[in-house]
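*Asks:* Input structure-v7.pdb, format and content: PDB, C-alpha atoms and all ligand atoms.
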```
MODEL        1
ATOM      1  CA  MET A 947     -59.920 -48.707 -16.684
ATOM      2  CA  THR A 948     -61.117 -45.099 -16.839
ATOM      3  CA  PRO A 949     -60.188 -43.511 -20.134
ATOM      4  CA  GLN A 950     -57.661 -40.782 -19.944
ATOM      5  CA  GLN A 951     -59.431 -37.425 -20.050
ATOM      6  CA  PRO A 952     -58.552 -35.619 -23.261
ATOM      7  CA  SER A 953     -57.788 -31.911 -22.930
ATOM      8  CA  ARG A 954     -58.216 -31.036 -26.609
ATOM      9  CA  LEU A 955     -59.800 -32.878 -29.532
ATOM     10  CA  ILE A 956     -60.050 -31.859 -33.166
ATOM     11  CA  ILE A 957     -62.803 -33.357 -35.321
ATOM     12  CA  ALA A 958     -62.228 -33.486 -39.078
ATOM     13  CA  SER A 959     -65.371 -33.117 -41.165
ATOM     14  CA  ARG A 960     -66.464 -32.417 -44.703
ATOM     15  CA  GLU A 961     -67.957 -28.965 -45.072
ATOM     16  CA  SER A 962     -71.422 -29.859 -46.347
ATOM     17  CA  ARG A 963     -74.247 -28.836 -44.035
ATOM     18  CA  LEU A 964     -75.037 -32.495 -43.251
ATOM     19  CA  ALA A 965     -71.404 -33.354 -42.480
ATOM     20  CA  MET A 966     -71.102 -30.290 -40.241
ATOM     21  CA  TRP A 967     -74.348 -31.189 -38.459
ATOM     22  CA  GLN A 968     -72.948 -34.660 -37.816
ATOM     23  CA  ALA A 969     -69.599 -33.350 -36.568
ATOM     24  CA  GLU A 970     -71.436 -30.884 -34.327
ATOM     25  CA  HIS A 971     -73.577 -33.735 -32.967
ATOM     26  CA  VAL A 972     -70.428 -35.681 -32.040
ATOM     27  CA  ARG A 973     -68.862 -32.577 -30.550
ATOM     28  CA  ALA A 974     -71.944 -31.985 -28.363
ATOM     29  CA  GLN A 975     -71.907 -35.568 -27.085
ATOM     30  CA  LEU A 976     -68.187 -35.428 -26.359
ATOM     31  CA  SER A 977     -68.507 -32.118 -24.484
ATOM     32  CA  LEU A 978     -71.125 -33.655 -22.222
ATOM     33  CA  LEU A 979     -68.791 -36.559 -21.490
ATOM     34  CA  TYR A 980     -65.627 -34.455 -21.182
ATOM     35  CA  PRO A 981     -66.674 -30.966 -20.064
ATOM     36  CA  GLN A 982     -63.048 -29.883 -19.506
ATOM     37  CA  CYS A 983     -62.040 -30.758 -23.034
ATOM     38  CA  SER A 984     -61.821 -28.134 -25.762
ATOM     39  CA  ILE A 985     -63.236 -29.577 -28.972
ATOM     40  CA  GLU A 986     -62.872 -27.985 -32.381
ATOM     41  CA  ILE A 987     -64.192 -28.908 -35.810
ATOM     42  CA  LEU A 988     -61.849 -28.730 -38.793
ATOM     43  CA  GLY A 989     -63.928 -28.416 -41.968
ATOM     44  CA  MET A 990     -62.412 -29.585 -45.246
ATOM     45  CA  THR A 991     -63.384 -30.176 -48.852
ATOM     46  CA  THR A 992     -62.882 -33.643 -50.336
ATOM     47  CA  ARG A 993     -62.469 -34.746 -53.937
ATOM     48  CA  GLY A 994     -65.925 -36.312 -53.662
ATOM     49  CA  ASP A 995     -67.340 -32.827 -53.027
ATOM     50  CA  GLN A 996     -65.417 -31.272 -55.902
ATOM     51  CA  ILE A 997     -66.147 -33.766 -58.658
ATOM     52  CA  LEU A 998     -69.820 -33.215 -59.381
ATOM     53  CA  ASP A 999     -70.039 -33.928 -63.090
ATOM     54  CA  ARG A1000     -69.320 -37.662 -63.009
ATOM     55  CA  ALA A1001     -70.864 -40.637 -61.240
ATOM     56  CA  LEU A1002     -68.882 -41.600 -58.154
ATOM     57  CA  SER A1003     -68.764 -45.185 -59.352
ATOM     58  CA  LYS A1004     -66.688 -43.915 -62.295
ATOM     59  CA  VAL A1005     -64.151 -41.822 -60.414
ATOM     60  CA  GLY A1006     -63.070 -43.984 -57.521
ATOM     61  CA  GLY A1007     -66.046 -44.541 -55.269
ATOM     62  CA  LYS A1008     -66.486 -43.954 -51.591
ATOM     63  CA  GLY A1009     -62.848 -43.359 -50.636
ATOM     64  CA  LEU A1010     -63.086 -39.911 -52.227
ATOM     65  CA  PHE A1011     -65.125 -38.620 -49.301
ATOM     66  CA  VAL A1012     -62.761 -39.766 -46.579
ATOM     67  CA  LYS A1013     -59.202 -39.508 -47.917
ATOM     68  CA  GLU A1014     -58.528 -35.836 -47.064
ATOM     69  CA  LEU A1015     -59.871 -36.402 -43.554
ATOM     70  CA  GLU A1016     -57.527 -39.357 -43.105
ATOM     71  CA  VAL A1017     -54.568 -37.296 -44.285
ATOM     72  CA  ALA A1018     -55.451 -34.637 -41.701
ATOM     73  CA  MET A1019     -55.468 -37.288 -38.966
ATOM     74  CA  ALA A1020     -52.242 -38.905 -40.168
ATOM     75  CA  GLU A1021     -50.547 -35.479 -40.088
ATOM     76  CA  GLY A1022     -51.820 -34.801 -36.570
ATOM     77  CA  ARG A1023     -54.101 -31.940 -37.653
ATOM     78  CA  ALA A1024     -57.162 -33.859 -36.394
ATOM     79  CA  ASP A1025     -57.857 -36.623 -33.876
ATOM     80  CA  LEU A1026     -61.047 -38.072 -35.243
ATOM     81  CA  ALA A1027     -63.187 -37.909 -38.365
ATOM     82  CA  VAL A1028     -66.965 -38.134 -38.442
ATOM     83  CA  HIS A1029     -68.438 -39.834 -41.501
ATOM     84  CA  SER A1030     -71.747 -41.028 -42.866
ATOM     85  CA  LEU A1031     -70.997 -44.729 -42.589
ATOM     86  CA  LYS A1032     -72.488 -45.297 -46.037
ATOM     87  CA  ASP A1033     -69.591 -43.321 -47.524
ATOM     88  CA  VAL A1034     -66.861 -45.235 -45.689
ATOM     89  CA  PRO A1035     -65.028 -47.910 -47.744
ATOM     90  CA  MET A1036     -65.279 -51.498 -46.471
ATOM     91  CA  ASP A1037     -61.508 -51.706 -46.035
ATOM     92  CA  LEU A1038     -59.904 -48.723 -44.375
ATOM     93  CA  PRO A1039     -56.304 -47.927 -45.280
ATOM     94  CA  ASP A1040     -53.666 -49.412 -42.952
ATOM     95  CA  GLY A1041     -53.313 -47.452 -39.755
ATOM     96  CA  PHE A1042     -56.957 -46.347 -39.471
ATOM     97  CA  GLU A1043     -59.931 -47.866 -37.694
ATOM     98  CA  LEU A1044     -63.536 -47.158 -36.818
ATOM     99  CA  ALA A1045     -63.729 -46.402 -33.104
ATOM    100  CA  ALA A1046     -67.498 -45.970 -32.743
ATOM    101  CA  VAL A1047     -70.761 -46.273 -34.650
ATOM    102  CA  LEU A1048     -73.514 -43.967 -33.466
ATOM    103  CA  GLU A1049     -77.188 -44.838 -33.111
ATOM    104  CA  ARG A1050     -78.838 -45.071 -36.482
ATOM    105  CA  GLU A1051     -81.297 -42.475 -37.781
ATOM    106  CA  ASP A1052     -84.085 -43.528 -40.150
ATOM    107  CA  PRO A1053     -82.352 -45.932 -42.594
ATOM    108  CA  ARG A1054     -84.961 -45.639 -45.362
ATOM    109  CA  ASP A1055     -84.927 -43.903 -48.716
ATOM    110  CA  ALA A1056     -87.210 -40.910 -49.158
ATOM    111  CA  PHE A1057     -89.257 -39.828 -52.167
ATOM    112  CA  VAL A1058     -88.940 -36.059 -52.555
ATOM    113  CA  SER A1059     -91.015 -34.033 -55.001
ATOM    114  CA  ASN A1060     -92.847 -30.712 -55.218
ATOM    115  CA  ASP A1061     -95.559 -32.065 -57.509
ATOM    116  CA  TYR A1062     -96.097 -35.749 -56.789
ATOM    117  CA  ALA A1063     -96.811 -37.738 -53.624
ATOM    118  CA  SER A1064     -95.144 -41.026 -54.552
ATOM    119  CA  LEU A1065     -93.294 -42.945 -57.254
ATOM    120  CA  ASP A1066     -96.606 -44.551 -58.254
ATOM    121  CA  GLU A1067     -98.041 -41.150 -59.204
ATOM    122  CA  LEU A1068     -95.296 -40.182 -61.648
ATOM    123  CA  PRO A1069     -96.468 -40.104 -65.274
ATOM    124  CA  PRO A1070     -94.578 -41.873 -68.088
ATOM    125  CA  GLY A1071     -91.406 -40.021 -69.036
ATOM    126  CA  ALA A1072     -91.136 -38.193 -65.693
ATOM    127  CA  VAL A1073     -87.498 -37.563 -64.735
ATOM    128  CA  VAL A1074     -86.276 -38.972 -61.412
ATOM    129  CA  GLY A1075     -82.914 -37.833 -60.047
ATOM    130  CA  THR A1076     -80.489 -40.219 -58.397
ATOM    131  CA  SER A1077     -76.859 -41.173 -58.903
ATOM    132  CA  SER A1078     -77.123 -44.238 -56.715
ATOM    133  CA  LEU A1079     -76.930 -47.443 -58.772
ATOM    134  CA  ARG A1080     -79.016 -49.161 -56.113
ATOM    135  CA  ARG A1081     -81.858 -46.628 -56.390
ATOM    136  CA  GLN A1082     -81.552 -46.520 -60.164
ATOM    137  CA  SER A1083     -81.844 -50.294 -60.444
ATOM    138  CA  LEU A1084     -84.911 -50.394 -58.236
ATOM    139  CA  ILE A1085     -86.726 -47.683 -60.176
ATOM    140  CA  ALA A1086     -85.828 -49.214 -63.539
ATOM    141  CA  ALA A1087     -87.204 -52.585 -62.379
ATOM    142  CA  ARG A1088     -90.493 -51.372 -60.930
ATOM    143  CA  TYR A1089     -91.148 -48.235 -62.961
ATOM    144  CA  PRO A1090     -89.735 -48.845 -66.449
ATOM    145  CA  HIS A1091     -91.754 -45.886 -67.793
ATOM    146  CA  LEU A1092     -89.713 -43.377 -65.736
ATOM    147  CA  VAL A1093     -86.497 -41.695 -66.864
ATOM    148  CA  ILE A1094     -83.550 -41.725 -64.446
ATOM    149  CA  LYS A1095     -81.083 -38.833 -64.590
ATOM    150  CA  PRO A1096     -77.886 -38.479 -62.547
ATOM    151  CA  LEU A1097     -77.991 -36.204 -59.504
ATOM    152  CA  ARG A1098     -74.815 -35.421 -57.576
ATOM    153  CA  GLY A1099     -73.831 -32.894 -54.968
ATOM    154  CA  ASN A1100     -74.640 -32.402 -51.307
ATOM    155  CA  LEU A1101     -78.226 -32.406 -50.044
ATOM    156  CA  ASP A1102     -78.787 -28.669 -50.495
ATOM    157  CA  THR A1103     -77.451 -28.811 -54.048
ATOM    158  CA  ARG A1104     -79.724 -31.739 -54.885
ATOM    159  CA  LEU A1105     -82.808 -30.095 -53.398
ATOM    160  CA  GLY A1106     -81.938 -26.912 -55.309
ATOM    161  CA  LYS A1107     -81.871 -28.826 -58.603
ATOM    162  CA  LEU A1108     -85.281 -30.350 -57.808
ATOM    163  CA  ASP A1109     -86.734 -26.923 -56.980
ATOM    164  CA  ARG A1110     -85.325 -25.468 -60.202
ATOM    165  CA  GLY A1111     -87.457 -27.980 -62.097
ATOM    166  CA  ASP A1112     -84.673 -30.204 -63.425
ATOM    167  CA  TYR A1113     -86.423 -33.299 -62.038
ATOM    168  CA  ALA A1114     -90.015 -34.345 -61.297
ATOM    169  CA  ALA A1115     -88.755 -36.115 -58.177
ATOM    170  CA  ILE A1116     -85.550 -37.205 -56.473
ATOM    171  CA  ILE A1117     -84.694 -40.006 -54.064
ATOM    172  CA  LEU A1118     -82.618 -39.165 -50.985
ATOM    173  CA  ALA A1119     -81.763 -40.794 -47.682
ATOM    174  CA  ALA A1120     -84.438 -39.908 -45.106
ATOM    175  CA  ALA A1121     -81.706 -39.616 -42.454
ATOM    176  CA  GLY A1122     -80.005 -36.659 -44.118
ATOM    177  CA  LEU A1123     -83.257 -34.725 -44.520
ATOM    178  CA  LYS A1124     -84.249 -35.359 -40.913
ATOM    179  CA  ARG A1125     -80.858 -34.325 -39.564
ATOM    180  CA  LEU A1126     -80.964 -31.085 -41.528
ATOM    181  CA  GLY A1127     -84.413 -30.288 -40.134
ATOM    182  CA  LEU A1128     -86.130 -30.838 -43.482
ATOM    183  CA  PRO A1129     -88.454 -33.780 -42.725
ATOM    184  CA  GLU A1130     -91.287 -31.931 -44.480
ATOM    185  CA  ARG A1131     -89.481 -32.418 -47.803
ATOM    186  CA  ILE A1132     -90.186 -36.155 -47.530
ATOM    187  CA  ARG A1133     -93.391 -36.952 -49.428
ATOM    188  CA  THR A1134     -93.163 -40.708 -48.834
ATOM    189  CA  THR A1135     -90.606 -42.929 -47.148
ATOM    190  CA  LEU A1136     -89.958 -46.105 -49.080
ATOM    191  CA  THR A1137     -90.270 -49.183 -46.895
ATOM    192  CA  PRO A1138     -87.299 -51.592 -46.851
ATOM    193  CA  GLU A1139     -89.497 -53.958 -48.883
ATOM    194  CA  GLU A1140     -89.890 -51.292 -51.590
ATOM    195  CA  SER A1141     -86.327 -49.992 -51.491
ATOM    196  CA  LEU A1142     -83.839 -51.982 -49.455
ATOM    197  CA  PRO A1143     -81.383 -49.473 -47.911
ATOM    198  CA  ALA A1144     -77.655 -49.311 -48.637
ATOM    199  CA  ALA A1145     -75.234 -50.865 -46.147
ATOM    200  CA  GLY A1146     -74.760 -48.413 -43.298
ATOM    201  CA  GLN A1147     -77.383 -45.927 -44.469
ATOM    202  CA  GLY A1148     -78.488 -43.603 -41.680
ATOM    203  CA  ALA A1149     -75.560 -44.432 -39.380
ATOM    204  CA  MET A1150     -72.566 -42.232 -38.511
ATOM    205  CA  ALA A1151     -69.113 -43.561 -37.736
ATOM    206  CA  ILE A1152     -66.052 -42.117 -36.051
ATOM    207  CA  GLU A1153     -62.687 -42.954 -37.596
ATOM    208  CA  ILE A1154     -59.342 -42.602 -35.818
ATOM    209  CA  VAL A1155     -55.668 -43.371 -36.351
ATOM    210  CA  SER A1156     -54.848 -46.758 -34.814
ATOM    211  CA  GLY A1157     -52.359 -47.270 -32.026
ATOM    212  CA  ARG A1158     -51.883 -43.755 -30.683
ATOM    213  CA  THR A1159     -49.685 -43.934 -27.624
ATOM    214  CA  ASP A1160     -50.433 -40.455 -26.248
ATOM    215  CA  ILE A1161     -54.144 -41.143 -25.670
ATOM    216  CA  ASP A1162     -56.520 -44.130 -25.679
ATOM    217  CA  LEU A1163     -58.953 -42.679 -28.211
ATOM    218  CA  ARG A1164     -60.937 -45.912 -28.503
ATOM    219  CA  ALA A1165     -61.729 -45.719 -24.791
ATOM    220  CA  VAL A1166     -62.497 -41.997 -25.040
ATOM    221  CA  LEU A1167     -65.006 -42.615 -27.846
ATOM    222  CA  ALA A1168     -66.459 -45.918 -26.597
ATOM    223  CA  PRO A1169     -69.415 -44.287 -24.788
ATOM    224  CA  LEU A1170     -70.651 -42.964 -28.163
ATOM    225  CA  ASN A1171     -70.900 -46.443 -29.654
ATOM    226  CA  HIS A1172     -74.424 -47.873 -30.075
ATOM    227  CA  ALA A1173     -74.098 -51.648 -29.820
ATOM    228  CA  ALA A1174     -77.197 -52.654 -31.811
ATOM    229  CA  THR A1175     -76.339 -50.251 -34.650
ATOM    230  CA  GLU A1176     -72.758 -51.489 -34.689
ATOM    231  CA  GLN A1177     -73.919 -55.110 -34.960
ATOM    232  CA  ALA A1178     -76.374 -54.296 -37.753
ATOM    233  CA  VAL A1179     -73.902 -52.337 -39.854
ATOM    234  CA  ARG A1180     -71.157 -54.940 -39.402
ATOM    235  CA  ALA A1181     -73.446 -57.553 -40.932
ATOM    236  CA  GLU A1182     -74.433 -55.191 -43.772
ATOM    237  CA  ARG A1183     -70.873 -54.154 -44.522
ATOM    238  CA  LYS A1184     -69.773 -57.795 -44.621
ATOM    239  CA  VAL A1185     -72.158 -58.386 -47.555
ATOM    240  CA  SER A1186     -70.829 -55.278 -49.277
ATOM    241  CA  LYS A1187     -67.295 -56.487 -48.786
ATOM    242  CA  VAL A1188     -68.018 -59.957 -50.192
ATOM    243  CA  PHE A1189     -69.442 -58.379 -53.354
ATOM    244  CA  GLY A1190     -66.677 -55.943 -54.011
ATOM    245  CA  GLY A1191     -67.396 -53.182 -51.579
ATOM    246  CA  SER A1192     -67.782 -49.932 -53.501
ATOM    247  CA  CYS A1193     -70.474 -48.018 -55.400
ATOM    248  CA  GLN A1194     -69.846 -49.902 -58.638
ATOM    249  CA  ILE A1195     -72.756 -52.322 -58.313
ATOM    250  CA  PRO A1196     -76.354 -51.986 -57.164
ATOM    251  CA  LEU A1197     -76.151 -53.566 -53.735
ATOM    252  CA  ALA A1198     -78.408 -53.254 -50.704
ATOM    253  CA  ALA A1199     -77.993 -54.722 -47.231
ATOM    254  CA  PHE A1200     -80.171 -53.974 -44.251
ATOM    255  CA  ALA A1201     -80.164 -55.536 -40.777
ATOM    256  CA  THR A1202     -82.387 -55.043 -37.774
ATOM    257  CA  VAL A1203     -81.452 -56.124 -34.266
ATOM    258  CA  VAL A1204     -83.916 -57.157 -31.582
ATOM    259  CA  GLY A1205     -82.242 -58.167 -28.342
ATOM    260  CA  ASP A1206     -79.804 -60.937 -29.093
ATOM    261  CA  SER A1207     -81.047 -61.687 -32.558
ATOM    262  CA  MET A1208     -80.560 -60.029 -35.918
ATOM    263  CA  HIS A1209     -82.334 -60.211 -39.256
ATOM    264  CA  LEU A1210     -80.351 -59.392 -42.389
ATOM    265  CA  THR A1211     -81.724 -58.888 -45.900
ATOM    266  CA  ALA A1212     -79.467 -58.220 -48.882
ATOM    267  CA  MET A1213     -79.809 -57.757 -52.600
ATOM    268  CA  VAL A1214     -77.656 -57.398 -55.678
ATOM    269  CA  ALA A1215     -79.041 -56.405 -59.060
ATOM    270  CA  THR A1216     -78.053 -55.165 -62.476
ATOM    271  CA  PRO A1217     -78.280 -51.369 -63.029
ATOM    272  CA  ASP A1218     -81.174 -51.896 -65.455
ATOM    273  CA  GLY A1219     -83.022 -53.784 -62.718
ATOM    274  CA  LYS A1220     -83.669 -56.770 -64.943
ATOM    275  CA  ARG A1221     -81.795 -59.296 -62.824
ATOM    276  CA  THR A1222     -82.009 -59.382 -59.058
ATOM    277  CA  ALA A1223     -80.867 -61.732 -56.303
ATOM    278  CA  ARG A1224     -82.283 -61.277 -52.817
ATOM    279  CA  ALA A1225     -81.708 -63.258 -49.641
ATOM    280  CA  GLU A1226     -82.503 -62.959 -45.954
ATOM    281  CA  LEU A1227     -81.701 -64.813 -42.744
ATOM    282  CA  SER A1228     -81.915 -64.436 -38.981
ATOM    283  CA  GLY A1229     -78.964 -65.120 -36.727
ATOM    284  CA  ALA A1230     -77.131 -64.162 -33.565
ATOM    285  CA  ALA A1231     -76.583 -60.434 -33.120
ATOM    286  CA  HIS A1232     -73.183 -61.110 -31.554
ATOM    287  CA  ALA A1233     -71.872 -62.749 -34.761
ATOM    288  CA  PRO A1234     -72.752 -60.162 -37.428
ATOM    289  CA  GLU A1235     -70.006 -61.028 -39.936
ATOM    290  CA  ALA A1236     -71.017 -64.700 -39.871
ATOM    291  CA  LEU A1237     -74.590 -63.785 -40.764
ATOM    292  CA  GLY A1238     -73.328 -61.422 -43.463
ATOM    293  CA  GLN A1239     -71.295 -64.257 -44.941
ATOM    294  CA  GLN A1240     -74.257 -66.666 -44.839
ATOM    295  CA  VAL A1241     -76.542 -64.212 -46.614
ATOM    296  CA  SER A1242     -73.787 -63.538 -49.170
ATOM    297  CA  ASP A1243     -73.507 -67.301 -49.763
ATOM    298  CA  LEU A1244     -77.256 -67.471 -50.391
ATOM    299  CA  LEU A1245     -76.950 -64.625 -52.890
ATOM    300  CA  GLY A1246     -74.066 -66.453 -54.535
ATOM    301  CA  GLN A1247     -76.219 -69.555 -54.952
ATOM    302  CA  GLN A1248     -78.780 -67.386 -56.726
ATOM    303  CA  ASP A1249     -76.578 -66.336 -59.527
ATOM    304  CA  ALA A1250     -75.271 -63.172 -57.887
ATOM    305  CA  HIS A1251     -71.902 -63.612 -59.589
ATOM    306  CA  ALA A1252     -73.496 -63.664 -63.040
ATOM    307  CA  ILE A1253     -75.349 -60.497 -62.037
ATOM    308  CA  LEU A1254     -72.048 -58.887 -61.056
ATOM    309  CA  ALA A1255     -70.525 -59.834 -64.390
ATOM    310  CA  ALA A1256     -73.544 -58.308 -66.165
ATOM    311  CA  CYS A1257     -73.105 -55.171 -64.013
ATOM    312  CA  LYS A1258     -69.569 -54.764 -65.203
ATOM    313  CA  VAL A1259     -70.661 -54.961 -68.826
ATOM    314  CA  GLN A1260     -73.439 -52.397 -68.261
ATOM    315  CA  ALA A1261     -71.110 -50.079 -66.292
ATOM    316  CA  ASP A1262     -68.462 -50.141 -69.017
ATOM    317  CA  ALA A1263     -71.075 -49.349 -71.646
ATOM    318  CA  ALA A1264     -72.736 -46.543 -69.650
ATOM    319  CA  PRO A1265     -72.078 -42.895 -70.561
ATOM    320  CA  ASP A1266     -69.632 -41.178 -68.259
ATOM    321  CA  VAL A1267     -72.061 -39.043 -66.261
TER
HETATM  322  N1  LIG B   1     -73.952 -40.860 -50.728
HETATM  323  C1  LIG B   1     -74.214 -39.599 -50.127
HETATM  324  C2  LIG B   1     -74.807 -39.712 -48.768
HETATM  325  N2  LIG B   1     -74.112 -40.246 -47.739
HETATM  326  C3  LIG B   1     -74.928 -40.244 -46.629
HETATM  327  C4  LIG B   1     -76.130 -39.673 -46.983
HETATM  328  C5  LIG B   1     -77.291 -39.465 -46.123
HETATM  329  C6  LIG B   1     -77.170 -39.797 -44.670
HETATM  330  C7  LIG B   1     -76.998 -41.245 -44.348
HETATM  331  O1  LIG B   1     -77.367 -42.144 -45.105
HETATM  332  O2  LIG B   1     -76.480 -41.489 -43.244
HETATM  333  C8  LIG B   1     -76.061 -39.312 -48.341
HETATM  334  C9  LIG B   1     -77.094 -38.662 -49.147
HETATM  335  C10 LIG B   1     -78.146 -39.569 -49.712
HETATM  336  O3  LIG B   1     -77.934 -40.764 -49.899
HETATM  337  O4  LIG B   1     -79.241 -39.060 -50.023
ENDMDL
END
```
Re-express the file's structure as structure tokens.

*Replies:*
Amino acid sequence: MTPQQPSRLIIASRESRLAMWQAEHVRAQLSLLYPQCSIEILGMTTRGDQILDRALSKVGGKGLFVKELEVAMAEGRADLAVHSLKDVPMDLPDGFELAAVLEREDPRDAFVSNDYASLDELPPGAVVGTSSLRRQSLIAARYPHLVIKPLRGNLDTRLGKLDRGDYAAIILAAAGLKRLGLPERIRTTLTPEESLPAAGQGAMAIEIVSGRTDIDLRAVLAPLNHAATEQAVRAERKVSKVFGGSCQIPLAAFATVVGDSMHLTAMVATPDGKRTARAELSGAAHAPEALGQQVSDLLGQQDAHAILAACKVQADAAPDV
């Protein structure tokens, strides 16, 4: 069935430069597909953008970046929302669904510094900026002589704080820097062996309201879906979901797809990096959730639940920054 040609589409987006780049990217692809369609971007601020003085894990997690966009769609002010998949909760609220996952950019973490070329070069006591529990846990485990300080805000804000001298180095997603045309800020990319990426890192997703009767939006957006990326992130997000699904625990999950087969590696750890469980398996690319469940089971056999309990204790004891 040919999808109905839309005559007008409104894309809801956060207003950060990265979010706007991503919305613009989706708009450009849609205009090629539907040249008659008028497509607008509705920029909005979310609570996640406003609350910059506390760790996200303390104020409600990922949902804070998507809620306002969902309200705009529910009220008919927008038809679709473009998100960094990493920021999308594992369970969407009733009445919403992901209609497409776009081809993944570089999924790795990037080491960014004006003075040092890599984590290995940082001297004892050097301050590294990150508010990601996953990145924090990794650095604490491998570089116990470094000091980790929280770093929130959009990419430009974070780079500004680095340039002001607040940190010796910061860790960011390579994808964001590449999309914003700042690949030269990356001093080193951390391999997945060094820093296993977060579930969905580097991928964009399009969210819609389910069951619209006026237009088949799923069909309209289907050509933007990248099958291999969708399979990979479904496996990764399954692991996230099994272990509680938000930013409250250091959790990494990374899948690669080659043809019909997929390899998934996942890890949970304590924020201090002292306890880690890691597991990996290959399986069929067409059954991503099954592989995600199997890898989660392997993590469970390795004491992952005790690690989660220890995480909760450390999170409750941590200062509220
Ligand atoms: N949590 C914030 C966030 N959400 C998505 C990205 C980068 C782009 C991506 O991973 O797709 C970032 C910044 C970062 O982690 O450095």

*Asks:* Within 10 Å of Phe1057 (chain A), counting only C-alpha atoms, which residues qualify if same-chain residues fewer than 2 places away don't, as a PyMOL selection string?

*Replies:* chain A and resi 1054-1055+1059+1062-1065+1074+1115-1120+1131-1136

*Asks:* Let me know the centre plus edge lengths, in Å and rounded to one decimal, of a box with edges along x, y and z that contains all listed atoms of region 1037-1041 of chain A and is padded by 4 Å on every side, as lines of an AutoDock Vina configuration file.

*Replies:*
```
center_x = -57.4
center_y = -49.6
center_z = -42.9
size_x = 16.2
size_y = 12.3
size_z = 14.3
```

*Asks:* Expressed in Å to a single decimal, how great is the separation between CA of Leu1237 (chain A) and CA of Lys1258 (chain A)?

*Replies:*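 These atoms are spaced 26.5 Å apart.
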
*Asks:* Dump as a Markdown table the rows for residues of chain A within 9 Å of ligand LIG 1 (chain B): closest atom pair and distance in Å with one decimal, only C-alpha atoms and all ligand atoms counted, ordered by chain and rising residue number.

*Replies:*
```
| residue | atom | partner | partner_atom | distance |
| --- | --- | --- | --- | --- |
| A:Leu964 | CA | B:LIG1 | C6 | 7.7 |
| A:Ala965 | CA | B:LIG1 | C3 | 8.8 |
| A:Lys1008 | CA | B:LIG1 | N1 | 8.1 |
| A:His1029 | CA | B:LIG1 | C3 | 8.3 |
| A:Ser1030 | CA | B:LIG1 | O2 | 4.8 |
| A:Leu1031 | CA | B:LIG1 | O2 | 6.4 |
| A:Lys1032 | CA | B:LIG1 | N2 | 5.6 |
| A:Asp1033 | CA | B:LIG1 | N2 | 5.5 |
| A:Arg1050 | CA | B:LIG1 | O2 | 8.0 |
| A:Glu1051 | CA | B:LIG1 | O2 | 7.3 |
| A:Asp1052 | CA | B:LIG1 | O2 | 8.5 |
| A:Pro1053 | CA | B:LIG1 | O1 | 6.7 |
| A:Arg1054 | CA | B:LIG1 | O1 | 8.4 |
| A:Asp1055 | CA | B:LIG1 | O4 | 7.6 |
| A:Ala1056 | CA | B:LIG1 | O4 | 8.2 |
| A:Thr1076 | CA | B:LIG1 | O4 | 8.5 |
| A:Ser1077 | CA | B:LIG1 | N1 | 8.7 |
| A:Ser1078 | CA | B:LIG1 | N1 | 7.6 |
| A:Arg1098 | CA | B:LIG1 | C1 | 8.6 |
| A:Gly1099 | CA | B:LIG1 | C1 | 8.3 |
| A:Asn1100 | CA | B:LIG1 | C9 | 7.1 |
| A:Leu1101 | CA | B:LIG1 | C9 | 6.4 |
| A:Arg1104 | CA | B:LIG1 | O4 | 8.8 |
| A:Ile1117 | CA | B:LIG1 | O4 | 6.9 |
| A:Leu1118 | CA | B:LIG1 | O4 | 3.5 |
| A:Ala1119 | CA | B:LIG1 | O4 | 3.9 |
| A:Ala1120 | CA | B:LIG1 | O4 | 7.2 |
| A:Ala1121 | CA | B:LIG1 | C6 | 5.1 |
| A:Gly1122 | CA | B:LIG1 | C6 | 4.3 |
| A:Leu1123 | CA | B:LIG1 | C5 | 7.8 |
| A:Arg1125 | CA | B:LIG1 | C6 | 8.3 |
| A:Pro1143 | CA | B:LIG1 | O1 | 8.8 |
| A:Ala1144 | CA | B:LIG1 | O1 | 8.0 |
| A:Gly1146 | CA | B:LIG1 | O1 | 7.0 |
| A:Gln1147 | CA | B:LIG1 | O1 | 3.8 |
| A:Gly1148 | CA | B:LIG1 | O2 | 3.3 |
| A:Ala1149 | CA | B:LIG1 | O2 | 4.9 |
| A:Met1150 | CA | B:LIG1 | O2 | 6.2 |
```

*Asks:* Skipping near chain neighbours, those fewer than 3 positions away, what residues fall within 9 Å of Val1012 (chain A) using all atoms listed in the file, listed as a PyMOL selection string?

*Replies:* chain A and resi 959-960+992-994+1008-1009+1015-1017+1027+1029+1033-1035

*Asks:* Given the file shown, determine the residues that the PyMOL selection byres (((chain A and resi 958) around 9) and not hetatm) selects; report them as a list in words.

*Replies:*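 Checking the PyMOL selection byres (((chain A and resi 958) around 9) and not hetatm) against this file, the residues are Ile956, Ile957, Ser959, Arg960, Ala969, Glu986, Ile987, Leu988, Gly989, Met990, Leu1015, Glu1016, Ala1018, Met1019, Arg1023, Ala1024, Asp1025, Leu1026, Ala1027 and Val1028 of chain A.
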
*Asks:* Given only C-alpha atoms as the basis, pick out the residue of A:Glu1226, A:Asp1162, A:Glu1014, A:Glu1153 nearest to Val972 (chain A).

*Replies:* A:Glu1153

*Asks:* Between A:Arg1158, A:Lys1187, A:His1091, A:Arg1081, which residue has the minimum interatomic distance to Pro1069 (chain A), considering all atoms listed in the file?

*Replies:* A:His1091

*Asks:* For a quick check of understanding, using all atoms listed in the file, which of A:Ala1178, A:Ile1195, A:Val1166, A:Leu1079 has the smallest distance to His1232 (chain A)?

*Replies:*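 Of the candidates, the smallest distance to His1232 (chain A) is held by A:Ala1178.
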
*Asks:* Could you tell me how far CA of Leu1108 (chain A) lies from CA of Glu1130 (chain A), in Å and to one decimal?

*Replies:*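 CA of Leu1108 (chain A) sits 14.7 Å away from CA of Glu1130 (chain A).
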